[in-house]
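Peer 1: Please see the structure below; I have some questions.
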Amino acid sequence: MNKEEIIQKVNAALMKEFEIPEEKLVPTATFADMQVDSLDVVDMVITFEQTFKIDIRNNYKPGSFTNLGGLYDFIEKLINEKK
């Protein structure tokens with residue numbers, strides 16, 4: 001899966017599951033910018049683990065990412081490590 005496919009899947013999930021408007025889904029957007037609270041983050045992790053068949057919870061370390069662009073990179077890294 002290439003980076004563009006990851007971005008498309010992440011954005012699609014965020015728009016569908018969390019009703020985040022597409023215009024807010026830019027690489028520099030933080031969770032605060034997207035109005036995502038801590039409960040949403042938990043749901044988001046589960047959604048992305050299921051979507052990408054990766055283990056985010058056991059691989060996340062504070063500072064792993066601070067914005068949406070970092071999340072894309074983090075997911076891409078986990079996918080590549082799984083290969």
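Residue numbering restarts at 1 for every chain of the structure tokens, chains are lettered A, B, ... in their displayed order, and ligands are numbered from 1 as they appear.
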Give me the residues near segment 23-29 of chain A as a list in words, where near means some atom within 12 Å (using only C-alpha atoms) and where sequence neighbours in that chain fewer than 3 positions away do not count.
Peer 2: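 After dropping sequence-adjacent residues, the list is Ile7, Gln8, Lys9, Val10, Asn11, Ala12, Ala13, Leu14, Met15, Phe18, Glu19, Ile20, Ala32, Asp33, Met34, Gln35, Val36, Phe65, Thr66, Asn67, Leu68, Gly69, Gly70, Leu71, Tyr72 and Asp73 of chain A.
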Peer 1: Write the selection just made, keeping N, CA, C and O atoms, as a short mmCIF file (atom, residue, chain, number, x, y, z; two decimals), in the first residue's frame?
Peer 2:
```cif
data_model
loop_
_atom_site.label_atom_id
_atom_site.label_comp_id
_atom_site.auth_asym_id
_atom_site.auth_seq_id
_atom_site.Cartn_x
_atom_site.Cartn_y
_atom_site.Cartn_z
N ILE A 7 -3.36 7.72 2.85
CA ILE A 7 -4.01 9.03 3.07
C ILE A 7 -5.49 8.95 2.72
O ILE A 7 -6.34 9.42 3.48
N GLN A 8 -5.81 8.34 1.60
CA GLN A 8 -7.20 8.23 1.17
C GLN A 8 -8.03 7.43 2.17
O GLN A 8 -9.14 7.81 2.52
N LYS A 9 -7.48 6.30 2.65
CA LYS A 9 -8.22 5.46 3.60
C LYS A 9 -8.39 6.16 4.96
O LYS A 9 -9.45 6.08 5.57
N VAL A 10 -7.34 6.81 5.43
CA VAL A 10 -7.43 7.53 6.71
C VAL A 10 -8.46 8.63 6.60
O VAL A 10 -9.35 8.76 7.45
N ASN A 11 -8.37 9.43 5.55
CA ASN A 11 -9.31 10.54 5.39
C ASN A 11 -10.75 10.05 5.23
O ASN A 11 -11.67 10.63 5.80
N ALA A 12 -10.94 8.98 4.48
CA ALA A 12 -12.29 8.43 4.29
C ALA A 12 -12.87 7.98 5.63
O ALA A 12 -14.04 8.24 5.94
N ALA A 13 -12.05 7.32 6.44
CA ALA A 13 -12.52 6.87 7.76
C ALA A 13 -12.84 8.05 8.66
O ALA A 13 -13.85 8.04 9.38
N LEU A 14 -12.01 9.07 8.64
CA LEU A 14 -12.25 10.25 9.47
C LEU A 14 -13.54 10.97 9.06
O LEU A 14 -14.29 11.43 9.91
N MET A 15 -13.78 11.05 7.76
CA MET A 15 -15.00 11.71 7.29
C MET A 15 -16.23 10.88 7.63
O MET A 15 -17.23 11.42 8.08
N PHE A 18 -16.18 9.90 11.94
CA PHE A 18 -16.09 11.01 12.88
C PHE A 18 -16.67 12.31 12.34
O PHE A 18 -16.58 13.35 13.00
N GLU A 19 -17.22 12.24 11.13
CA GLU A 19 -17.89 13.38 10.50
C GLU A 19 -17.01 14.63 10.46
O GLU A 19 -17.46 15.75 10.67
N ILE A 20 -15.73 14.41 10.17
CA ILE A 20 -14.80 15.53 10.04
C ILE A 20 -14.87 16.01 8.60
O ILE A 20 -14.70 15.22 7.67
N ALA A 32 -6.91 18.66 17.78
CA ALA A 32 -7.68 19.82 18.23
C ALA A 32 -8.29 20.56 17.04
O ALA A 32 -9.45 20.97 17.09
N ASP A 33 -7.52 20.69 15.96
CA ASP A 33 -8.03 21.35 14.75
C ASP A 33 -9.24 20.60 14.19
O ASP A 33 -10.16 21.19 13.64
N MET A 34 -9.21 19.27 14.33
CA MET A 34 -10.29 18.44 13.81
C MET A 34 -11.40 18.25 14.83
O MET A 34 -12.37 17.55 14.57
N GLN A 35 -11.25 18.86 16.01
CA GLN A 35 -12.21 18.77 17.11
C GLN A 35 -12.44 17.32 17.52
O GLN A 35 -13.57 16.87 17.70
N VAL A 36 -11.33 16.60 17.68
CA VAL A 36 -11.36 15.21 18.11
C VAL A 36 -10.96 15.17 19.58
O VAL A 36 -9.92 15.70 19.96
N PHE A 65 3.39 11.02 16.75
CA PHE A 65 2.87 11.97 15.77
C PHE A 65 2.10 13.05 16.50
O PHE A 65 1.57 12.83 17.58
N THR A 66 2.07 14.23 15.90
CA THR A 66 1.36 15.35 16.51
C THR A 66 0.31 15.95 15.59
O THR A 66 -0.45 16.80 16.01
N ASN A 67 0.30 15.49 14.36
CA ASN A 67 -0.68 16.00 13.40
C ASN A 67 -1.06 14.89 12.42
O ASN A 67 -0.54 13.77 12.50
N LEU A 68 -1.95 15.21 11.53
CA LEU A 68 -2.46 14.21 10.59
C LEU A 68 -1.36 13.66 9.68
O LEU A 68 -1.31 12.47 9.40
N GLY A 69 -0.45 14.52 9.25
CA GLY A 69 0.67 14.06 8.42
C GLY A 69 1.52 13.05 9.17
O GLY A 69 1.97 12.06 8.59
N GLY A 70 1.73 13.28 10.45
CA GLY A 70 2.48 12.34 11.27
C GLY A 70 1.75 11.02 11.43
O GLY A 70 2.36 9.95 11.47
N LEU A 71 0.41 11.09 11.51
CA LEU A 71 -0.39 9.87 11.60
C LEU A 71 -0.25 9.06 10.32
O LEU A 71 -0.08 7.84 10.37
N TYR A 72 -0.29 9.73 9.16
CA TYR A 72 -0.10 9.01 7.89
C TYR A 72 1.25 8.28 7.90
O TYR A 72 1.34 7.12 7.54
N ASP A 73 2.31 8.99 8.32
CA ASP A 73 3.65 8.41 8.34
C ASP A 73 3.73 7.24 9.32
O ASP A 73 4.36 6.22 9.03
#
```
Peer 1: Which residue gives the smallest distance to Glu76 of chain A among A:Phe52, A:Tyr60, A:Asp37, A:Phe31, with only C-alpha atoms counted?
Peer 2: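 Smallest separation from Glu76 of chain A among the options: A:Phe52.
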Peer 1: Point out the residue among A:Lys53, A:Lys16, A:Pro62, A:Asp43 with the least atom-to-atom distance to Ile75 of chain A, counting only C-alpha atoms.
Peer 2: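 Smallest distance to Ile75 of chain A is found for A:Lys53.
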Peer 1: Among segment 1-75 of chain A, which ones does DSSP assign to helix (DSSP H, G or I) (computed from the backbone)? Answer as an NGL selection string.
Peer 2: :A and (3-18 or 22-24 or 38-52 or 68-75)
